[in-house]
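Heads up, the thing below is written out as structure tokens.
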Amino acid sequence: MKVTHYRFSISWPRMLPDGTTSWINQPGVDYYDRLIDALLEVNIEPIVTLHHWDVPQHLQDKYGGWMDERIVADFDEFARLCFQNYGHKVKFWVTLNEPYTITMIYGTSIQGFREARPGVDCYIVGHNLLKAHATAYHSYVNDFKPTQNGQIGISLNSEWYEPKDPLRPKDVAAAERAIEFYLGWFANPIYVGDYPQVMKDFIGNKSTAQGRNESRLPEFTAAEIEYIKGTHDFFALNFYTAQEVTHKHFDDTLVSQSLDQDLVKTRNRDWPGSGSVWLKVVPWSIRSNLAYIKRKYNNPPIYITENGVSDKEGMLNDEQRIDFFNQYINEVLKAYLLDGVDVRGYTAWSLMDNFEWHSGYTERFGLHHVDFESPERTRTAKSSSSWYAENIIKNNGFSAATKLKITLCYVPLVVTLGMAAWI
């Protein structure tokens with residue numbers, strides 16, 4: 001397909017089965033070495049994500065995974081192993097993929113996994129994720145970047161929030177609050193310093209009303225704020241959809257991350273749907289989100305590390321996916337050319353159908369169909385694959401007359417989920 005970049009994730013437990021360097025699985029180390037070499041041989045630059053949600057079971061059993069600050073040191077040990085082994089070949093690193101989603105996983109009780117404390121555990125996990133990101137960032141910058149000359153950052157997911165009634169000030173404020181509780185939760189400490197003030201105020205006030213002596217949102221020390229601030233070489237964004245927001249005050253004694261925000265999110269019924277209930281097709285929303293990042297975070301270099309659409313049928317003639325990419329990438333083009341957003345790259349999710357977490361194999365995002373009933377997991381190119389190669393990769397835009405000088409590539413997920421998303 002002539003892509004220039006390929007993003008994949010390294011599986012922490014595949015490299016370190018018990019989560020520490022006391023047990024290094026050399027076949028796992030060699031696997032990623034071969035993958036990186038294979039990409040470089042055909043002039044495809046690897047974009048490597050260190051963690052896409054798969055915590056080693058030993059660390060989960062030992063101290064609760066991301067619930068315990070001890071994981072910061074263990075993650076740094078894993079990150080350093082990756083830098084040591086692959087850093088001379090990999091020049092684009094992502095520490096964590098979608099920390100917000102990780103907080104939601106830990107903040108929700110899952111049978112057979114753990115019992116969660118709503119409105120409590122998610123904030124503890126988020127605190128540890130930010131510390132882990134910053135520690136890995138500093139390890140790379142201090143000990144590896146001087147000789148390896150790469151870049152490192154974090155992939156943050158976001159939705160765009162539009163006020164349900166743009167003429168109602170409370171709805172306008174609620175929409176702003178919603179994005180601060182989502183994107184700002186992690187972007188603010190990294191790009192500005194400390195949590196958004198609105199998060200500290202709302203969670204702190206509700207914690208007081210609940211009779212707590214301190215806020216459910218942990219506090220950073222002054223030293224920690226400075227340590228985390230500036231830990232970025234770029235802004236990596238995963239983006240899919242939007243919601244409408246209405247202000248609504250909830251009982252302050254109720255403990256919940258969603259209720260902490262005093263708002264209600266809804267998906268407009270007039271927006272086209274997809275194969276995922278959460279994914280409404282709202283092309284203009286990506287431009288709005290990119291413009292927001294420019295305003296809020298001083299126009300950093302932005303790489304869109306995920307963007308795509310699902311279907312249930314896995315059809316080969318996937319015109320809906322072609323239309324999605326056509327419209328969304330056009331909005332990215334507008335953000336770049338008209339709004340002055342410093343967009344450097346775009347990655348489509350995903351190269352092929354894969355395991356979509358709690359949805360299993362029922363939702364398909366791939367530009368290539370995978371027959372999950374076949375022992376060979378047969379891959380077949382969909383119409384979107386040839387369209388993307390011809391219209392986006394070949395011309396780096398929609399036509400030679402409107403070329404956009406940004407890098408375009410695919411983003412599959414490579415983890416130990418019983419499939420190889422890279423072949």
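Chain labels A, B, ... are given in the sequence in which chains occur in the structure tokens; within each chain residues are numbered consecutively from 1, and ligands are likewise numbered from 1 in the order shown.
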
Non-local contacts of region 236-241 of chain A (7 Å; only C-alpha atoms; under 5 positions in same chain excluded) as an MDAnalysis selection string: chainID A and resid 154:160 279:282 285:286 302:308

Contacts of Arg168 (chain A) within 12 Å, only C-alpha atoms, excl. fewer than 6 positions in-chain, as a ChimeraX atom specification: /A:162,174-175,245-247

Distance of CA of Asp37 (chain A) from CA of Tyr6 (chain A), expressed in Å to one decimal place: 12.3 Å

Identify, on the basis of only C-alpha atoms, every residue whose closest approach to Asn97 (chain A) does not exceed 9 Å; exclude the query and any residue fewer than 2 positions from it along the same chain; express the result as a PDB file with N, CA and C atoms, in the first residue's frame.
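Done, and the output landed in around00.pdb:
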```pdb
ATOM      1  N   SER A   9       1.867  -1.626  18.796  1.00  0.00           N
ATOM      2  CA  SER A   9       2.074  -1.605  20.241  1.00  0.00           C
ATOM      3  C   SER A   9       2.903  -2.812  20.667  1.00  0.00           C
ATOM      4  N   THR A  49       4.242   2.142  20.269  1.00  0.00           N
ATOM      5  CA  THR A  49       3.539   2.431  21.521  1.00  0.00           C
ATOM      6  C   THR A  49       3.965   1.406  22.562  1.00  0.00           C
ATOM      7  N   LEU A  50       4.360   1.865  23.730  1.00  0.00           N
ATOM      8  CA  LEU A  50       4.863   0.970  24.767  1.00  0.00           C
ATOM      9  C   LEU A  50       3.760   0.248  25.523  1.00  0.00           C
ATOM     10  N   HIS A  51       2.610   0.896  25.689  1.00  0.00           N
ATOM     11  CA  HIS A  51       1.565   0.252  26.499  1.00  0.00           C
ATOM     12  C   HIS A  51       0.182   0.552  25.942  1.00  0.00           C
ATOM     13  N   HIS A  52      -0.509  -0.528  25.543  1.00  0.00           N
ATOM     14  CA  HIS A  52      -1.888  -0.418  25.061  1.00  0.00           C
ATOM     15  C   HIS A  52      -2.769  -1.347  25.907  1.00  0.00           C
ATOM     16  N   TRP A  53      -2.720  -1.105  27.234  1.00  0.00           N
ATOM     17  CA  TRP A  53      -3.681  -1.632  28.204  1.00  0.00           C
ATOM     18  C   TRP A  53      -3.367  -3.024  28.768  1.00  0.00           C
ATOM     19  N   VAL A  94       5.636   6.292  21.670  1.00  0.00           N
ATOM     20  CA  VAL A  94       4.442   6.689  22.417  1.00  0.00           C
ATOM     21  C   VAL A  94       4.457   5.895  23.719  1.00  0.00           C
ATOM     22  N   THR A  95       4.400   6.581  24.851  1.00  0.00           N
ATOM     23  CA  THR A  95       4.478   5.875  26.133  1.00  0.00           C
ATOM     24  C   THR A  95       3.216   5.072  26.430  1.00  0.00           C
ATOM     25  N   PRO A  99      -4.722   6.895  28.106  1.00  0.00           N
ATOM     26  CA  PRO A  99      -4.806   6.723  29.563  1.00  0.00           C
ATOM     27  C   PRO A  99      -6.219   6.921  30.106  1.00  0.00           C
ATOM     28  N   TYR A 100      -7.001   7.789  29.468  1.00  0.00           N
ATOM     29  CA  TYR A 100      -8.385   7.975  29.926  1.00  0.00           C
ATOM     30  C   TYR A 100      -9.135   6.647  29.912  1.00  0.00           C
ATOM     31  N   THR A 101      -8.956   5.869  28.855  1.00  0.00           N
ATOM     32  CA  THR A 101      -9.663   4.588  28.756  1.00  0.00           C
ATOM     33  C   THR A 101      -9.202   3.628  29.844  1.00  0.00           C
ATOM     34  N   ILE A 102      -7.913   3.674  30.167  1.00  0.00           N
ATOM     35  CA  ILE A 102      -7.406   2.815  31.246  1.00  0.00           C
ATOM     36  C   ILE A 102      -8.083   3.164  32.564  1.00  0.00           C
ATOM     37  N   ILE A 154       2.782  10.921  24.238  1.00  0.00           N
ATOM     38  CA  ILE A 154       1.699  10.080  24.752  1.00  0.00           C
ATOM     39  C   ILE A 154       0.496  10.252  23.834  1.00  0.00           C
ATOM     40  N   SER A 155      -0.254   9.174  23.598  1.00  0.00           N
ATOM     41  CA  SER A 155      -1.466   9.250  22.769  1.00  0.00           C
ATOM     42  C   SER A 155      -2.685   9.453  23.665  1.00  0.00           C
ATOM     43  N   LEU A 156      -3.351  10.594  23.505  1.00  0.00           N
ATOM     44  CA  LEU A 156      -4.532  10.922  24.290  1.00  0.00           C
ATOM     45  C   LEU A 156      -5.765  10.830  23.404  1.00  0.00           C
ATOM     46  N   ASN A 157      -6.806  10.193  23.915  1.00  0.00           N
ATOM     47  CA  ASN A 157      -8.062  10.145  23.165  1.00  0.00           C
ATOM     48  C   ASN A 157      -8.980  11.266  23.614  1.00  0.00           C
ATOM     49  N   ASN A 238      -5.974  10.447  19.477  1.00  0.00           N
ATOM     50  CA  ASN A 238      -6.897   9.430  18.963  1.00  0.00           C
ATOM     51  C   ASN A 238      -8.292  10.043  18.952  1.00  0.00           C
TER      52      ASN A 238
END
```

Surrounding residues of Lys62 (chain A) excluding itself and chain neighbours under 5 positions, 12 Å, only C-alpha atoms, as a list in words: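 Contacts, with the query itself left out: Asp18, Gly19, Val55, Pro56, Gln57, Met67, Asp68, Arg70 and Ile71 of chain A.
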
Could you tell me, as a compact mmCIF listing (two decimals) with all heavy atoms, in the first residue's frame, which residues of region 290-356 of chain A DSSP assigns to alpha helix (DSSP H) when given the backbone?
```txt
# COMPACT_ATOMS: atom_id res chain seq x y z
N LEU A 290 -9.18 19.70 16.89
CA LEU A 290 -7.83 20.13 16.54
C LEU A 290 -7.64 21.61 16.83
O LEU A 290 -6.59 22.04 17.35
CB LEU A 290 -7.54 19.83 15.07
CG LEU A 290 -7.41 18.35 14.70
CD1 LEU A 290 -7.40 18.17 13.20
CD2 LEU A 290 -6.14 17.75 15.33
N ALA A 291 -8.64 22.43 16.48
CA ALA A 291 -8.55 23.87 16.75
C ALA A 291 -8.50 24.14 18.26
O ALA A 291 -7.80 25.05 18.71
CB ALA A 291 -9.75 24.58 16.12
N TYR A 292 -9.23 23.34 19.04
CA TYR A 292 -9.21 23.48 20.50
C TYR A 292 -7.81 23.20 21.04
O TYR A 292 -7.30 23.94 21.90
CB TYR A 292 -10.21 22.51 21.13
CG TYR A 292 -10.21 22.51 22.64
CD1 TYR A 292 -10.99 23.40 23.36
CD2 TYR A 292 -9.43 21.59 23.34
CE1 TYR A 292 -10.98 23.39 24.75
CE2 TYR A 292 -9.41 21.58 24.72
CZ TYR A 292 -10.19 22.48 25.43
OH TYR A 292 -10.17 22.47 26.81
N ILE A 293 -7.17 22.14 20.55
CA ILE A 293 -5.81 21.81 21.01
C ILE A 293 -4.85 22.93 20.66
O ILE A 293 -3.97 23.28 21.46
CB ILE A 293 -5.36 20.47 20.38
CG1 ILE A 293 -6.22 19.32 20.94
CG2 ILE A 293 -3.88 20.22 20.65
CD1 ILE A 293 -6.01 18.00 20.21
N LYS A 294 -5.01 23.51 19.48
CA LYS A 294 -4.16 24.64 19.09
C LYS A 294 -4.30 25.79 20.08
O LYS A 294 -3.31 26.36 20.55
CB LYS A 294 -4.53 25.11 17.68
CG LYS A 294 -3.76 26.35 17.24
CD LYS A 294 -4.30 26.95 15.96
CE LYS A 294 -3.60 28.26 15.64
NZ LYS A 294 -4.15 28.93 14.42
N ARG A 295 -5.55 26.15 20.41
CA ARG A 295 -5.80 27.27 21.31
C ARG A 295 -5.34 26.97 22.74
O ARG A 295 -4.70 27.80 23.39
CB ARG A 295 -7.30 27.61 21.35
CG ARG A 295 -7.88 28.13 20.06
CD ARG A 295 -9.26 28.72 20.30
NE ARG A 295 -10.16 27.79 20.99
CZ ARG A 295 -10.94 26.92 20.36
NH1 ARG A 295 -10.93 26.84 19.03
NH2 ARG A 295 -11.74 26.12 21.05
N LYS A 296 -5.66 25.79 23.19
CA LYS A 296 -5.46 25.45 24.60
C LYS A 296 -4.01 25.13 24.93
O LYS A 296 -3.52 25.45 26.03
CB LYS A 296 -6.35 24.25 24.96
CG LYS A 296 -6.37 23.86 26.42
CD LYS A 296 -7.19 24.82 27.25
CE LYS A 296 -7.31 24.34 28.69
NZ LYS A 296 -8.14 25.25 29.50
N GLU A 319 -18.13 1.17 1.32
CA GLU A 319 -18.27 2.56 0.90
C GLU A 319 -18.43 3.50 2.09
O GLU A 319 -18.00 4.66 2.05
CB GLU A 319 -19.47 2.70 -0.04
CG GLU A 319 -19.28 2.04 -1.40
CD GLU A 319 -18.17 2.68 -2.21
OE1 GLU A 319 -17.99 3.91 -2.08
OE2 GLU A 319 -17.49 1.96 -2.97
N GLN A 320 -19.05 3.01 3.17
CA GLN A 320 -19.22 3.85 4.35
C GLN A 320 -17.86 4.26 4.92
O GLN A 320 -17.67 5.41 5.35
CB GLN A 320 -20.02 3.11 5.43
CG GLN A 320 -20.19 3.92 6.72
CD GLN A 320 -20.67 3.09 7.89
OE1 GLN A 320 -20.56 1.86 7.88
NE2 GLN A 320 -21.22 3.75 8.91
N ARG A 321 -16.90 3.33 4.91
CA ARG A 321 -15.56 3.64 5.44
C ARG A 321 -14.84 4.64 4.52
O ARG A 321 -14.15 5.54 5.00
CB ARG A 321 -14.77 2.35 5.59
CG ARG A 321 -13.40 2.53 6.23
CD ARG A 321 -12.81 1.20 6.70
NE ARG A 321 -13.54 0.70 7.86
CZ ARG A 321 -14.40 -0.33 7.81
NH1 ARG A 321 -14.64 -0.95 6.67
NH2 ARG A 321 -15.03 -0.71 8.91
N ILE A 322 -14.98 4.47 3.22
CA ILE A 322 -14.38 5.41 2.28
C ILE A 322 -14.94 6.81 2.51
O ILE A 322 -14.20 7.80 2.55
CB ILE A 322 -14.63 4.96 0.83
CG1 ILE A 322 -13.85 3.67 0.54
CG2 ILE A 322 -14.25 6.05 -0.16
CD1 ILE A 322 -14.17 3.06 -0.81
N ASP A 323 -16.25 6.89 2.69
CA ASP A 323 -16.89 8.19 2.93
C ASP A 323 -16.41 8.79 4.23
O ASP A 323 -16.18 10.01 4.33
CB ASP A 323 -18.41 8.01 2.94
CG ASP A 323 -19.15 9.33 3.03
OD1 ASP A 323 -18.94 10.18 2.14
OD2 ASP A 323 -19.91 9.53 3.99
N PHE A 324 -16.24 7.95 5.25
CA PHE A 324 -15.74 8.43 6.55
C PHE A 324 -14.37 9.06 6.39
O PHE A 324 -14.14 10.19 6.82
CB PHE A 324 -15.68 7.26 7.54
CG PHE A 324 -15.13 7.62 8.90
CD1 PHE A 324 -15.97 7.95 9.94
CD2 PHE A 324 -13.75 7.63 9.13
CE1 PHE A 324 -15.46 8.29 11.20
CE2 PHE A 324 -13.23 7.97 10.37
CZ PHE A 324 -14.09 8.30 11.40
N PHE A 325 -13.44 8.33 5.80
CA PHE A 325 -12.09 8.86 5.63
C PHE A 325 -12.09 10.11 4.77
O PHE A 325 -11.37 11.08 5.05
CB PHE A 325 -11.16 7.80 5.04
CG PHE A 325 -10.75 6.73 6.02
CD1 PHE A 325 -10.90 5.39 5.71
CD2 PHE A 325 -10.22 7.06 7.25
CE1 PHE A 325 -10.53 4.40 6.60
CE2 PHE A 325 -9.85 6.08 8.17
CZ PHE A 325 -10.00 4.75 7.83
N ASN A 326 -12.88 10.09 3.70
CA ASN A 326 -12.96 11.24 2.81
C ASN A 326 -13.36 12.49 3.58
O ASN A 326 -12.71 13.55 3.48
CB ASN A 326 -13.98 10.94 1.71
CG ASN A 326 -13.83 11.86 0.51
OD1 ASN A 326 -13.27 12.94 0.62
ND2 ASN A 326 -14.34 11.43 -0.63
N GLN A 327 -14.40 12.37 4.39
CA GLN A 327 -14.91 13.54 5.12
C GLN A 327 -14.00 13.95 6.28
O GLN A 327 -13.73 15.15 6.47
CB GLN A 327 -16.31 13.25 5.64
CG GLN A 327 -17.36 13.08 4.55
CD GLN A 327 -18.76 13.07 5.13
OE1 GLN A 327 -19.22 14.04 5.70
NE2 GLN A 327 -19.44 11.95 4.97
N TYR A 328 -13.54 12.99 7.06
CA TYR A 328 -12.71 13.33 8.22
C TYR A 328 -11.37 13.91 7.81
O TYR A 328 -10.90 14.91 8.38
CB TYR A 328 -12.51 12.11 9.12
CG TYR A 328 -13.57 11.92 10.18
CD1 TYR A 328 -14.85 11.50 9.85
CD2 TYR A 328 -13.30 12.18 11.53
CE1 TYR A 328 -15.83 11.32 10.82
CE2 TYR A 328 -14.26 12.00 12.51
CZ TYR A 328 -15.53 11.57 12.15
OH TYR A 328 -16.49 11.40 13.12
N ILE A 329 -10.73 13.30 6.81
CA ILE A 329 -9.42 13.81 6.38
C ILE A 329 -9.58 15.19 5.74
O ILE A 329 -8.70 16.05 5.87
CB ILE A 329 -8.74 12.81 5.44
CG1 ILE A 329 -8.41 11.52 6.21
CG2 ILE A 329 -7.46 13.40 4.85
CD1 ILE A 329 -7.89 10.40 5.34
N ASN A 330 -10.72 15.42 5.09
CA ASN A 330 -10.98 16.75 4.54
C ASN A 330 -11.06 17.79 5.66
O ASN A 330 -10.58 18.92 5.52
CB ASN A 330 -12.27 16.74 3.74
CG ASN A 330 -12.48 18.03 2.97
OD1 ASN A 330 -11.55 18.59 2.41
ND2 ASN A 330 -13.71 18.53 2.98
N GLU A 331 -11.64 17.41 6.80
CA GLU A 331 -11.71 18.33 7.94
C GLU A 331 -10.33 18.55 8.56
O GLU A 331 -10.03 19.65 9.06
CB GLU A 331 -12.69 17.80 8.99
CG GLU A 331 -14.14 17.76 8.53
CD GLU A 331 -14.71 19.14 8.23
OE1 GLU A 331 -14.29 20.12 8.89
OE2 GLU A 331 -15.56 19.24 7.33
N VAL A 332 -9.49 17.51 8.54
CA VAL A 332 -8.12 17.68 9.01
C VAL A 332 -7.38 18.65 8.09
O VAL A 332 -6.61 19.52 8.54
CB VAL A 332 -7.38 16.32 9.06
CG1 VAL A 332 -5.90 16.53 9.41
CG2 VAL A 332 -8.03 15.39 10.07
N LEU A 333 -7.62 18.52 6.79
CA LEU A 333 -7.03 19.43 5.81
C LEU A 333 -7.43 20.88 6.09
O LEU A 333 -6.62 21.79 6.04
CB LEU A 333 -7.44 19.02 4.41
CG LEU A 333 -6.80 19.74 3.23
CD1 LEU A 333 -5.33 19.40 3.11
CD2 LEU A 333 -7.53 19.40 1.93
N LYS A 334 -8.71 21.08 6.40
CA LYS A 334 -9.19 22.42 6.73
C LYS A 334 -8.50 22.96 7.99
O LYS A 334 -8.12 24.14 8.05
CB LYS A 334 -10.70 22.41 6.94
CG LYS A 334 -11.52 22.14 5.70
CD LYS A 334 -13.00 22.06 6.05
CE LYS A 334 -13.85 21.69 4.86
NZ LYS A 334 -15.28 21.53 5.23
N ALA A 335 -8.36 22.09 8.99
CA ALA A 335 -7.70 22.51 10.22
C ALA A 335 -6.27 22.96 9.94
O ALA A 335 -5.79 23.95 10.50
CB ALA A 335 -7.72 21.39 11.25
N TYR A 336 -5.60 22.25 9.05
CA TYR A 336 -4.22 22.56 8.71
C TYR A 336 -4.10 23.82 7.86
O TYR A 336 -3.34 24.73 8.18
CB TYR A 336 -3.62 21.36 7.98
CG TYR A 336 -2.21 21.56 7.47
CD1 TYR A 336 -1.12 21.42 8.31
CD2 TYR A 336 -1.99 21.88 6.14
CE1 TYR A 336 0.17 21.60 7.85
CE2 TYR A 336 -0.70 22.06 5.65
CZ TYR A 336 0.39 21.92 6.52
OH TYR A 336 1.66 22.10 6.04
N LEU A 337 -4.89 23.88 6.79
CA LEU A 337 -4.75 24.97 5.84
C LEU A 337 -5.46 26.25 6.26
O LEU A 337 -4.95 27.35 6.05
CB LEU A 337 -5.28 24.54 4.47
CG LEU A 337 -4.48 23.46 3.73
CD1 LEU A 337 -5.18 23.07 2.44
CD2 LEU A 337 -3.07 23.93 3.43
```

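By chain and then residue number, the residues within 8 Å of region 83-93 of chain A are Asp33, Ile36, Glu45, Pro46, Ile47, Val48, Thr49, Leu50, Ala79, Tyr140, Phe144, Gln148, Asn149, Gly150, Gln151, Ile152 and Gly153 of chain A, counting only C-alpha atoms and disregarding those fewer than 4 positions away in sequence.
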
Can I get the selection written as a CSV table (one decimal), in the first residue's frame, with N, CA and C atoms?
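Wrote it out as result.csv, contents follow:
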```csv
chain,number,residue,atom,x,y,z
A,33,ASP,N,12.0,-7.2,17.2
A,33,ASP,CA,13.2,-6.8,16.5
A,33,ASP,C,13.0,-7.2,15.0
A,36,ILE,N,10.4,-4.7,13.4
A,36,ILE,CA,11.0,-3.4,13.1
A,36,ILE,C,11.9,-3.5,11.9
A,45,GLU,N,8.6,3.6,8.4
A,45,GLU,CA,9.1,4.0,9.8
A,45,GLU,C,8.2,3.5,10.9
A,46,PRO,N,8.7,2.8,11.8
A,46,PRO,CA,7.9,2.3,12.9
A,46,PRO,C,7.5,3.4,13.9
A,47,ILE,N,6.3,3.4,14.3
A,47,ILE,CA,5.8,4.3,15.4
A,47,ILE,C,5.4,3.3,16.5
A,48,VAL,N,6.1,3.3,17.6
A,48,VAL,CA,6.0,2.3,18.6
A,48,VAL,C,5.3,2.8,19.9
A,49,THR,N,4.2,2.1,20.3
A,49,THR,CA,3.5,2.4,21.5
A,49,THR,C,4.0,1.4,22.6
A,50,LEU,N,4.4,1.9,23.7
A,50,LEU,CA,4.9,1.0,24.8
A,50,LEU,C,3.8,0.2,25.5
A,79,ALA,N,10.1,0.2,29.8
A,79,ALA,CA,10.4,1.2,28.8
A,79,ALA,C,11.9,1.3,28.5
A,140,TYR,N,14.0,8.4,28.7
A,140,TYR,CA,14.4,8.5,27.3
A,140,TYR,C,15.2,9.7,27.0
A,144,PHE,N,18.8,8.2,26.6
A,144,PHE,CA,18.8,7.6,25.2
A,144,PHE,C,18.7,8.6,24.1
A,148,GLN,N,20.2,8.5,20.4
A,148,GLN,CA,19.3,7.9,19.5
A,148,GLN,C,18.5,8.9,18.6
A,149,ASN,N,18.4,10.1,19.1
A,149,ASN,CA,17.7,11.2,18.4
A,149,ASN,C,16.3,10.9,18.0
A,150,GLY,N,15.5,10.4,18.9
A,150,GLY,CA,14.1,10.1,18.6
A,150,GLY,C,13.2,11.1,19.2
A,151,GLN,N,11.9,10.9,19.1
A,151,GLN,CA,10.9,11.7,19.7
A,151,GLN,C,10.0,10.8,20.6
A,152,ILE,N,9.4,11.4,21.6
A,152,ILE,CA,8.6,10.6,22.5
A,152,ILE,C,7.4,11.5,23.0
A,153,GLY,N,6.2,10.9,23.2
A,153,GLY,CA,5.0,11.5,23.7
A,153,GLY,C,4.0,10.5,24.2
```

Proximity of region 233-331 of chain A to region 376-396 of chain A: per-residue shortest pair, 6 Å limit, only C-alpha atoms, as CSV:
```
residue,atom,partner,partner_atom,distance
A:Leu316,CA,A:Lys382,CA,4.4
A:Asn317,CA,A:Ser383,CA,5.1
A:Asp318,CA,A:Ser383,CA,5.9
A:Ile322,CA,A:Ser384,CA,5.3
```

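Taking only region 29-128 of chain A, the residues that DSSP calls strand (DSSP E or B) from the backbone come to Glu45, Pro46, Ile47, Val48, Thr49, Leu50, His51, Phe92, Trp93, Val94, Thr95, Leu96, Asn97, Ile110 and Arg114 of chain A.
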
Can you list, as a CSV table (one decimal) with N, CA and C atoms, in the first residue's frame, every protein, DNA or RNA residue that comes within 10 Å of Thr21 (chain A) when you count only C-alpha atoms, leaving out same-chain residues fewer than 3 positions away?
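That gives us result37.csv:
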```csv
chain,number,residue,atom,x,y,z
A,15,MET,N,7.1,-9.3,26.5
A,15,MET,CA,8.5,-9.1,26.7
A,15,MET,C,8.9,-9.5,28.1
A,16,LEU,N,8.1,-9.2,29.1
A,16,LEU,CA,8.5,-9.4,30.5
A,16,LEU,C,7.3,-10.1,31.1
A,17,PRO,N,7.2,-11.5,31.1
A,17,PRO,CA,6.0,-12.2,31.6
A,17,PRO,C,5.6,-11.9,33.0
A,18,ASP,N,6.6,-11.6,33.9
A,18,ASP,CA,6.1,-11.2,35.2
A,18,ASP,C,6.2,-9.7,35.4
A,24,ILE,N,13.1,-12.0,31.3
A,24,ILE,CA,13.0,-11.5,30.0
A,24,ILE,C,12.8,-12.6,29.0
A,25,ASN,N,11.7,-12.5,28.3
A,25,ASN,CA,11.3,-13.5,27.3
A,25,ASN,C,12.0,-13.1,26.0
A,74,ASP,N,8.2,-0.1,37.6
A,74,ASP,CA,8.2,-1.3,36.8
A,74,ASP,C,7.9,-0.9,35.3
A,77,GLU,N,11.1,0.4,33.9
A,77,GLU,CA,12.1,-0.6,33.7
A,77,GLU,C,11.8,-1.3,32.3
A,78,PHE,N,10.5,-1.5,32.0
A,78,PHE,CA,10.1,-2.1,30.7
A,78,PHE,C,10.4,-1.1,29.6
A,81,LEU,N,14.1,-1.0,28.7
A,81,LEU,CA,14.4,-2.2,28.0
A,81,LEU,C,14.1,-2.1,26.5
```

Which of A:Lys229, A:Lys206, A:Lys164, A:Lys312 sits closest to Val264 (chain A) [using only C-alpha atoms]: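 Ranking A:Lys229, A:Lys206, A:Lys164, A:Lys312 by distance to Val264 (chain A), first place goes to A:Lys164.
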
Nearest-residue call for Glu214 (chain A), choices A:Val141, A:Ala73, A:Val120, A:Arg14, using only C-alpha atoms: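 So, comparing all the options, the nearest one is A:Val120.
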